[in-house]
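Next up, structure.pdb (PDB, C-alpha atoms, pLDDT in the B column):
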ATOM      1  CA  MET A   1     -40.667 202.832 118.618  1.00 93.00           C
ATOM      2  CA  THR A   2     -41.848 203.950 122.033  1.00 96.00           C
ATOM      3  CA  ARG A   3     -39.892 206.037 124.509  1.00 97.00           C
ATOM      4  CA  ALA A   4     -39.373 204.687 128.022  1.00 98.00           C
ATOM      5  CA  HIS A   5     -37.387 205.744 131.097  1.00 98.00           C
ATOM      6  CA  VAL A   6     -35.722 203.101 133.258  1.00 98.00           C
ATOM      7  CA  ALA A   7     -34.230 203.703 136.706  1.00 97.00           C
ATOM      8  CA  LEU A   8     -31.002 201.797 137.356  1.00 97.00           C
ATOM      9  CA  GLY A   9     -29.643 201.064 140.826  1.00 94.00           C
ATOM     10  CA  SER A  10     -26.996 198.936 142.535  1.00 95.00           C
ATOM     11  CA  ASN A  11     -25.543 198.711 146.028  1.00 92.00           C
ATOM     12  CA  LEU A  12     -23.665 195.384 145.993  1.00 91.00           C
ATOM     13  CA  GLY A  13     -20.425 194.431 144.274  1.00 93.00           C
ATOM     14  CA  ASP A  14     -18.838 196.653 141.660  1.00 95.00           C
ATOM     15  CA  ARG A  15     -21.801 199.016 141.437  1.00 94.00           C
ATOM     16  CA  MET A  16     -20.543 201.143 138.535  1.00 96.00           C
ATOM     17  CA  ALA A  17     -19.641 198.077 136.459  1.00 95.00           C
ATOM     18  CA  THR A  18     -23.079 196.612 137.179  1.00 95.00           C
ATOM     19  CA  LEU A  19     -24.847 199.738 135.949  1.00 96.00           C
ATOM     20  CA  ASP A  20     -22.616 199.867 132.886  1.00 97.00           C
ATOM     21  CA  THR A  21     -23.361 196.209 132.103  1.00 96.00           C
ATOM     22  CA  ALA A  22     -27.089 196.822 132.562  1.00 97.00           C
ATOM     23  CA  VAL A  23     -27.050 199.711 130.064  1.00 98.00           C
ATOM     24  CA  ARG A  24     -25.102 197.620 127.548  1.00 97.00           C
ATOM     25  CA  ALA A  25     -27.474 194.666 127.995  1.00 97.00           C
ATOM     26  CA  LEU A  26     -30.535 196.853 127.379  1.00 97.00           C
ATOM     27  CA  ASP A  27     -28.923 198.378 124.299  1.00 97.00           C
ATOM     28  CA  ALA A  28     -27.976 194.907 122.996  1.00 97.00           C
ATOM     29  CA  ASP A  29     -31.623 193.841 122.921  1.00 98.00           C
ATOM     30  CA  GLU A  30     -32.771 193.889 119.287  1.00 97.00           C
ATOM     31  CA  ALA A  31     -36.017 195.720 120.131  1.00 97.00           C
ATOM     32  CA  THR A  32     -34.476 198.354 122.413  1.00 97.00           C
ATOM     33  CA  HIS A  33     -32.016 201.200 121.941  1.00 97.00           C
ATOM     34  CA  VAL A  34     -30.533 203.267 124.776  1.00 98.00           C
ATOM     35  CA  MET A  35     -30.797 206.895 123.690  1.00 97.00           C
ATOM     36  CA  ALA A  36     -29.212 208.582 126.729  1.00 97.00           C
ATOM     37  CA  VAL A  37     -28.128 207.901 130.300  1.00 98.00           C
ATOM     38  CA  SER A  38     -27.981 210.314 133.225  1.00 97.00           C
ATOM     39  CA  ARG A  39     -24.949 210.875 135.342  1.00 96.00           C
ATOM     40  CA  VAL A  40     -24.565 208.347 138.155  1.00 97.00           C
ATOM     41  CA  PHE A  41     -25.528 209.524 141.633  1.00 95.00           C
ATOM     42  CA  GLU A  42     -24.583 207.964 144.949  1.00 93.00           C
ATOM     43  CA  THR A  43     -27.520 207.886 147.345  1.00 86.00           C
ATOM     44  CA  GLU A  44     -28.368 206.549 150.756  1.00 81.00           C
ATOM     45  CA  PRO A  45     -30.845 203.643 150.827  1.00 79.00           C
ATOM     46  CA  VAL A  46     -34.515 204.370 151.491  1.00 75.00           C
ATOM     47  CA  GLY A  47     -36.427 201.886 153.637  1.00 70.00           C
ATOM     48  CA  GLY A  48     -35.500 198.270 154.193  1.00 66.00           C
ATOM     49  CA  PRO A  49     -32.702 196.867 156.311  1.00 67.00           C
ATOM     50  CA  GLU A  50     -29.407 198.590 157.046  1.00 74.00           C
ATOM     51  CA  GLN A  51     -27.307 198.487 153.885  1.00 75.00           C
ATOM     52  CA  GLY A  52     -24.691 200.350 151.914  1.00 84.00           C
ATOM     53  CA  PRO A  53     -25.230 203.298 149.581  1.00 90.00           C
ATOM     54  CA  TYR A  54     -26.619 202.907 146.080  1.00 91.00           C
ATOM     55  CA  LEU A  55     -25.489 204.148 142.735  1.00 95.00           C
ATOM     56  CA  ASN A  56     -28.503 205.368 140.734  1.00 95.00           C
ATOM     57  CA  ALA A  57     -29.030 206.517 137.157  1.00 97.00           C
ATOM     58  CA  VAL A  58     -31.824 206.750 134.595  1.00 98.00           C
ATOM     59  CA  ALA A  59     -31.680 205.540 130.997  1.00 98.00           C
ATOM     60  CA  VAL A  60     -33.916 206.809 128.198  1.00 98.00           C
ATOM     61  CA  LEU A  61     -34.840 204.027 125.796  1.00 98.00           C
ATOM     62  CA  GLU A  62     -36.589 203.657 122.488  1.00 98.00           C
ATOM     63  CA  THR A  63     -38.225 200.262 122.317  1.00 97.00           C
ATOM     64  CA  ASP A  64     -40.561 198.139 120.257  1.00 97.00           C
ATOM     65  CA  HIS A  65     -41.453 196.171 123.404  1.00 97.00           C
ATOM     66  CA  ASP A  66     -44.806 196.751 125.037  1.00 96.00           C
ATOM     67  CA  PRO A  67     -44.512 197.628 128.759  1.00 97.00           C
ATOM     68  CA  PHE A  68     -44.862 193.984 129.858  1.00 97.00           C
ATOM     69  CA  ALA A  69     -42.199 192.695 127.468  1.00 97.00           C
ATOM     70  CA  LEU A  70     -39.924 195.545 128.575  1.00 97.00           C
ATOM     71  CA  LEU A  71     -40.516 194.570 132.204  1.00 96.00           C
ATOM     72  CA  ASP A  72     -39.527 190.999 131.301  1.00 97.00           C
ATOM     73  CA  LEU A  73     -36.308 192.313 129.709  1.00 98.00           C
ATOM     74  CA  LEU A  74     -35.541 194.322 132.847  1.00 97.00           C
ATOM     75  CA  MET A  75     -36.117 191.337 135.133  1.00 95.00           C
ATOM     76  CA  VAL A  76     -34.000 188.993 132.989  1.00 95.00           C
ATOM     77  CA  THR A  77     -31.234 191.603 132.957  1.00 96.00           C
ATOM     78  CA  GLU A  78     -31.392 191.915 136.766  1.00 91.00           C
ATOM     79  CA  GLU A  79     -31.184 188.137 137.127  1.00 90.00           C
ATOM     80  CA  ARG A  80     -28.183 187.933 134.777  1.00 93.00           C
ATOM     81  CA  LEU A  81     -26.502 190.595 136.904  1.00 92.00           C
ATOM     82  CA  GLY A  82     -26.918 188.455 140.017  1.00 84.00           C
ATOM     83  CA  ARG A  83     -30.066 189.907 141.553  1.00 71.00           C
ATOM     84  CA  VAL A  84     -31.599 187.663 144.177  1.00 70.00           C
ATOM     85  CA  ARG A  85     -35.013 188.681 145.508  1.00 66.00           C
ATOM     86  CA  LYS A  86     -34.885 187.884 149.229  1.00 68.00           C
ATOM     87  CA  GLU A  87     -36.064 190.907 151.102  1.00 64.00           C
ATOM     88  CA  ARG A  88     -38.226 193.833 150.036  1.00 63.00           C
ATOM     89  CA  TRP A  89     -36.085 196.961 149.671  1.00 60.00           C
ATOM     90  CA  GLY A  90     -33.039 194.900 150.615  1.00 63.00           C
ATOM     91  CA  PRO A  91     -29.560 195.245 149.110  1.00 76.00           C
ATOM     92  CA  ARG A  92     -29.200 194.202 145.485  1.00 83.00           C
ATOM     93  CA  THR A  93     -26.655 193.902 142.740  1.00 84.00           C
ATOM     94  CA  ALA A  94     -29.079 195.359 140.206  1.00 91.00           C
ATOM     95  CA  ASP A  95     -32.436 197.096 140.355  1.00 92.00           C
ATOM     96  CA  LEU A  96     -34.053 198.099 137.061  1.00 96.00           C
ATOM     97  CA  ASP A  97     -37.442 199.814 137.264  1.00 94.00           C
ATOM     98  CA  LEU A  98     -39.658 200.995 134.440  1.00 97.00           C
ATOM     99  CA  ILE A  99     -40.617 204.463 135.623  1.00 97.00           C
ATOM    100  CA  LEU A 100     -42.185 206.030 132.514  1.00 97.00           C
ATOM    101  CA  TYR A 101     -43.491 204.568 129.256  1.00 97.00           C
ATOM    102  CA  ASP A 102     -45.091 206.701 126.535  1.00 95.00           C
ATOM    103  CA  GLY A 103     -48.690 205.664 126.201  1.00 87.00           C
ATOM    104  CA  PRO A 104     -51.563 205.134 128.570  1.00 89.00           C
ATOM    105  CA  PRO A 105     -50.805 204.354 132.221  1.00 93.00           C
ATOM    106  CA  VAL A 106     -50.623 200.669 133.187  1.00 94.00           C
ATOM    107  CA  SER A 107     -52.029 199.300 136.425  1.00 94.00           C
ATOM    108  CA  THR A 108     -51.911 195.536 136.915  1.00 95.00           C
ATOM    109  CA  PRO A 109     -50.659 193.311 139.745  1.00 94.00           C
ATOM    110  CA  GLU A 110     -47.441 192.745 137.745  1.00 93.00           C
ATOM    111  CA  LEU A 111     -46.747 196.285 136.572  1.00 95.00           C
ATOM    112  CA  THR A 112     -47.694 199.875 137.343  1.00 94.00           C
ATOM    113  CA  VAL A 113     -46.494 202.634 135.004  1.00 96.00           C
ATOM    114  CA  PRO A 114     -45.682 205.320 135.801  1.00 96.00           C
ATOM    115  CA  HIS A 115     -43.821 203.751 138.695  1.00 93.00           C
ATOM    116  CA  PRO A 116     -46.032 204.337 141.756  1.00 91.00           C
ATOM    117  CA  ARG A 117     -43.277 205.811 143.952  1.00 91.00           C
ATOM    118  CA  ALA A 118     -41.159 207.614 141.335  1.00 94.00           C
ATOM    119  CA  ARG A 119     -42.478 211.037 142.319  1.00 93.00           C
ATOM    120  CA  GLU A 120     -41.596 210.406 145.971  1.00 91.00           C
ATOM    121  CA  ARG A 121     -37.960 209.488 145.397  1.00 91.00           C
ATOM    122  CA  ALA A 122     -35.258 212.040 144.785  1.00 92.00           C
ATOM    123  CA  PHE A 123     -32.912 209.203 143.774  1.00 92.00           C
ATOM    124  CA  VAL A 124     -35.210 208.654 140.773  1.00 94.00           C
ATOM    125  CA  LEU A 125     -36.195 212.250 140.023  1.00 95.00           C
ATOM    126  CA  VAL A 126     -32.711 213.809 140.108  1.00 95.00           C
ATOM    127  CA  PRO A 127     -31.215 211.440 137.494  1.00 96.00           C
ATOM    128  CA  LEU A 128     -34.475 211.572 135.499  1.00 97.00           C
ATOM    129  CA  ILE A 129     -34.218 215.369 135.259  1.00 96.00           C
ATOM    130  CA  ASP A 130     -30.483 215.069 134.558  1.00 96.00           C
ATOM    131  CA  VAL A 131     -31.094 212.925 131.467  1.00 97.00           C
ATOM    132  CA  ASP A 132     -34.439 214.415 130.399  1.00 97.00           C
ATOM    133  CA  PRO A 133     -35.186 217.873 131.854  1.00 94.00           C
ATOM    134  CA  TYR A 134     -38.653 217.859 130.251  1.00 94.00           C
ATOM    135  CA  ALA A 135     -39.742 214.411 131.490  1.00 96.00           C
ATOM    136  CA  SER A 136     -43.336 214.428 132.658  1.00 95.00           C
ATOM    137  CA  PHE A 137     -45.933 212.110 134.083  1.00 95.00           C
ATOM    138  CA  PRO A 138     -49.197 211.284 132.288  1.00 93.00           C
ATOM    139  CA  ASP A 139     -51.106 213.877 134.327  1.00 93.00           C
ATOM    140  CA  GLY A 140     -48.758 216.601 133.025  1.00 94.00           C
ATOM    141  CA  GLU A 141     -46.676 217.105 136.179  1.00 95.00           C
ATOM    142  CA  THR A 142     -43.023 217.383 135.262  1.00 95.00           C
ATOM    143  CA  ALA A 143     -40.301 215.526 137.098  1.00 95.00           C
ATOM    144  CA  ALA A 144     -38.894 218.931 138.114  1.00 94.00           C
ATOM    145  CA  GLU A 145     -42.239 219.904 139.669  1.00 95.00           C
ATOM    146  CA  ALA A 146     -42.381 216.584 141.533  1.00 94.00           C
ATOM    147  CA  LEU A 147     -38.841 217.154 142.825  1.00 93.00           C
ATOM    148  CA  ALA A 148     -39.732 220.679 143.957  1.00 92.00           C
ATOM    149  CA  ARG A 149     -42.634 219.255 145.993  1.00 90.00           C
ATOM    150  CA  LEU A 150     -40.162 217.016 147.846  1.00 84.00           C
ATOM    151  CA  GLY A 151     -38.339 220.076 149.129  1.00 77.00           C
ATOM    152  CA  ALA A 152     -34.656 220.021 150.024  1.00 67.00           C
ATOM    153  CA  VAL A 153     -32.719 217.218 148.371  1.00 72.00           C
ATOM    154  CA  GLU A 154     -29.683 216.049 150.278  1.00 70.00           C
ATOM    155  CA  GLY A 155     -27.304 213.159 149.911  1.00 68.00           C
ATOM    156  CA  LEU A 156     -27.288 212.825 146.120  1.00 78.00           C
ATOM    157  CA  ILE A 157     -23.769 213.139 144.798  1.00 78.00           C
ATOM    158  CA  ALA A 158     -22.861 212.790 141.113  1.00 83.00           C
ATOM    159  CA  VAL A 159     -20.013 210.276 141.032  1.00 85.00           C
ATOM    160  CA  GLY A 160     -19.585 209.368 137.388  1.00 87.00           C
ATOM    161  CA  GLU A 161     -21.049 208.747 133.971  1.00 86.00           C
ATOM    162  CA  LEU A 162     -22.134 205.791 131.877  1.00 85.00           C
ATOM    163  CA  GLU A 163     -22.095 205.631 128.102  1.00 80.00           C
ATOM    164  CA  ALA A 164     -25.334 205.290 126.206  1.00 73.00           C
TER     165      ALA A 164
END

Would you encode the structure as structure tokens?
Amino acid sequence: MTRAHVALGSNLGDRMATLDTAVRALDADEATHVMAVSRVFETEPVGGPEQGPYLNAVAVLETDHDPFALLDLLMVTEERLGRVRKERWGPRTADLDLILYDGPPVSTPELTVPHPRARERAFVLVPLIDVDPYASFPDGETAAEALARLGAVEGLIAVGELEA
């Protein structure tokens, strides 16, 4: 099995229930097991139209899926949770992003791993470090080092927990 890290986000509907359902759906997949989940952090949206705050978390998975099959699982899970893709960086019921996948980096029009903006987003890095303090990118930079480069982190508040 291969280790992967998935960022989870929601800012529409019952956000906590959506994240919980997403974790359970990923764990229910026969080729994927959720090993751990970070605390849930409330964050302000970045980019896009005016919208409400997000809940964000990161799940650590073990999976037999290759990165593309895992991406398919994430997209199907988003769709089942009511995600409608209307506007880039717009509000959404569920947002599941593959941020790290053990193995060589992937760069195709459909998928880039590690996630191309993960190191620029405290709402990804803080929960990533929370669940896996030693998480690192293929070039060896740790998530903690990436977060330190961002400088002061404001507006991330731990608001709850999900079960793995």

Could you tell me which residues the PyMOL selection byres ((chain A and resi 16) around 10) grabs in this file, written as a ChimeraX atom specification?
/A:9-15,17-22,40,54-56,159-162

Could you please determine the separation between atom CA of Arg3 of chain A and atom CA of Gly82 of chain A in Å, to one decimal place?
26.8 Å

Report, in Å with one decimal, the straight-line distance from atom CA of Arg121 of chain A to atom CA of Leu150 of chain A.
8.2 Å

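Nearest-residue note for Leu98 of chain A: choosing from A:Leu70, A:Ser136, A:Ala122, A:Glu110, the minimum distance belongs to A:Leu70, counting all atoms listed in the file.
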
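Here atom CA of Arg117 of chain A and atom CA of Glu30 of chain A stand 29.3 Å from one another.
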
If we count only C-alpha atoms, what is near Thr32 of chain A at a cut-off of 7 Å, once residues fewer than 2 positions away on the same chain are taken out, given as a PyMOL selection string?
chain A and resi 26-27+29-30+34+61-64

Between A:Val37, A:Ala25, A:Ala144, A:Leu96, single out the one closest to Ile129 of chain A, counting all atoms listed in the file.
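Closest residue, counting all atoms listed in the file: A:Ala144.
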
Evaluate the PyMOL selection byres ((chain A and resi 154) around 10) against this structure - the residues, as a list in words, please.
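Applied to this file, the PyMOL selection byres ((chain A and resi 154) around 10) selects Thr43, Glu44, Ala122, Phe123, Gly151, Ala152, Val153, Gly155, Leu156 and Ile157 of chain A.
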
Shell of 10 Å around Phe68 of chain A, only C-alpha atoms, local chain residues under 4 positions omitted, as a list in words
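In the requested format, the answer is Asp72, Leu73, Leu74, Leu98, Val106, Glu110, Leu111 and Thr112 of chain A.
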
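Nearest residue to Pro133 of chain A, choosing from A:Ser38, A:Ala31, A:Asp95, A:Val84 and counting only C-alpha atoms: A:Ser38.
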
Of the residues A:Pro109, A:Pro116, A:Pro67, A:Pro138, which is the one nearest to Ala4 of chain A, using only C-alpha atoms?
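Of all the options, A:Pro67 lies closest to Ala4 of chain A.
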
Check what the PyMOL selection byres ((chain A and resi 140-142) around 12) selects in the file above and give those residues as a ChimeraX atom specification.
/A:100,114,118-119,125-126,128-129,132-139,143-149

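Proximity ranking of A:Pro104, A:His115, A:Val23, A:Glu42 relative to Leu81 of chain A places A:Val23 first, based on all atoms listed in the file.
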
Residues at most 7 Å from Val6 of chain A, counting only C-alpha atoms, excluding those fewer than 3 positions away in the same chain, as a PyMOL selection string?
chain A and resi 58-60+96-99
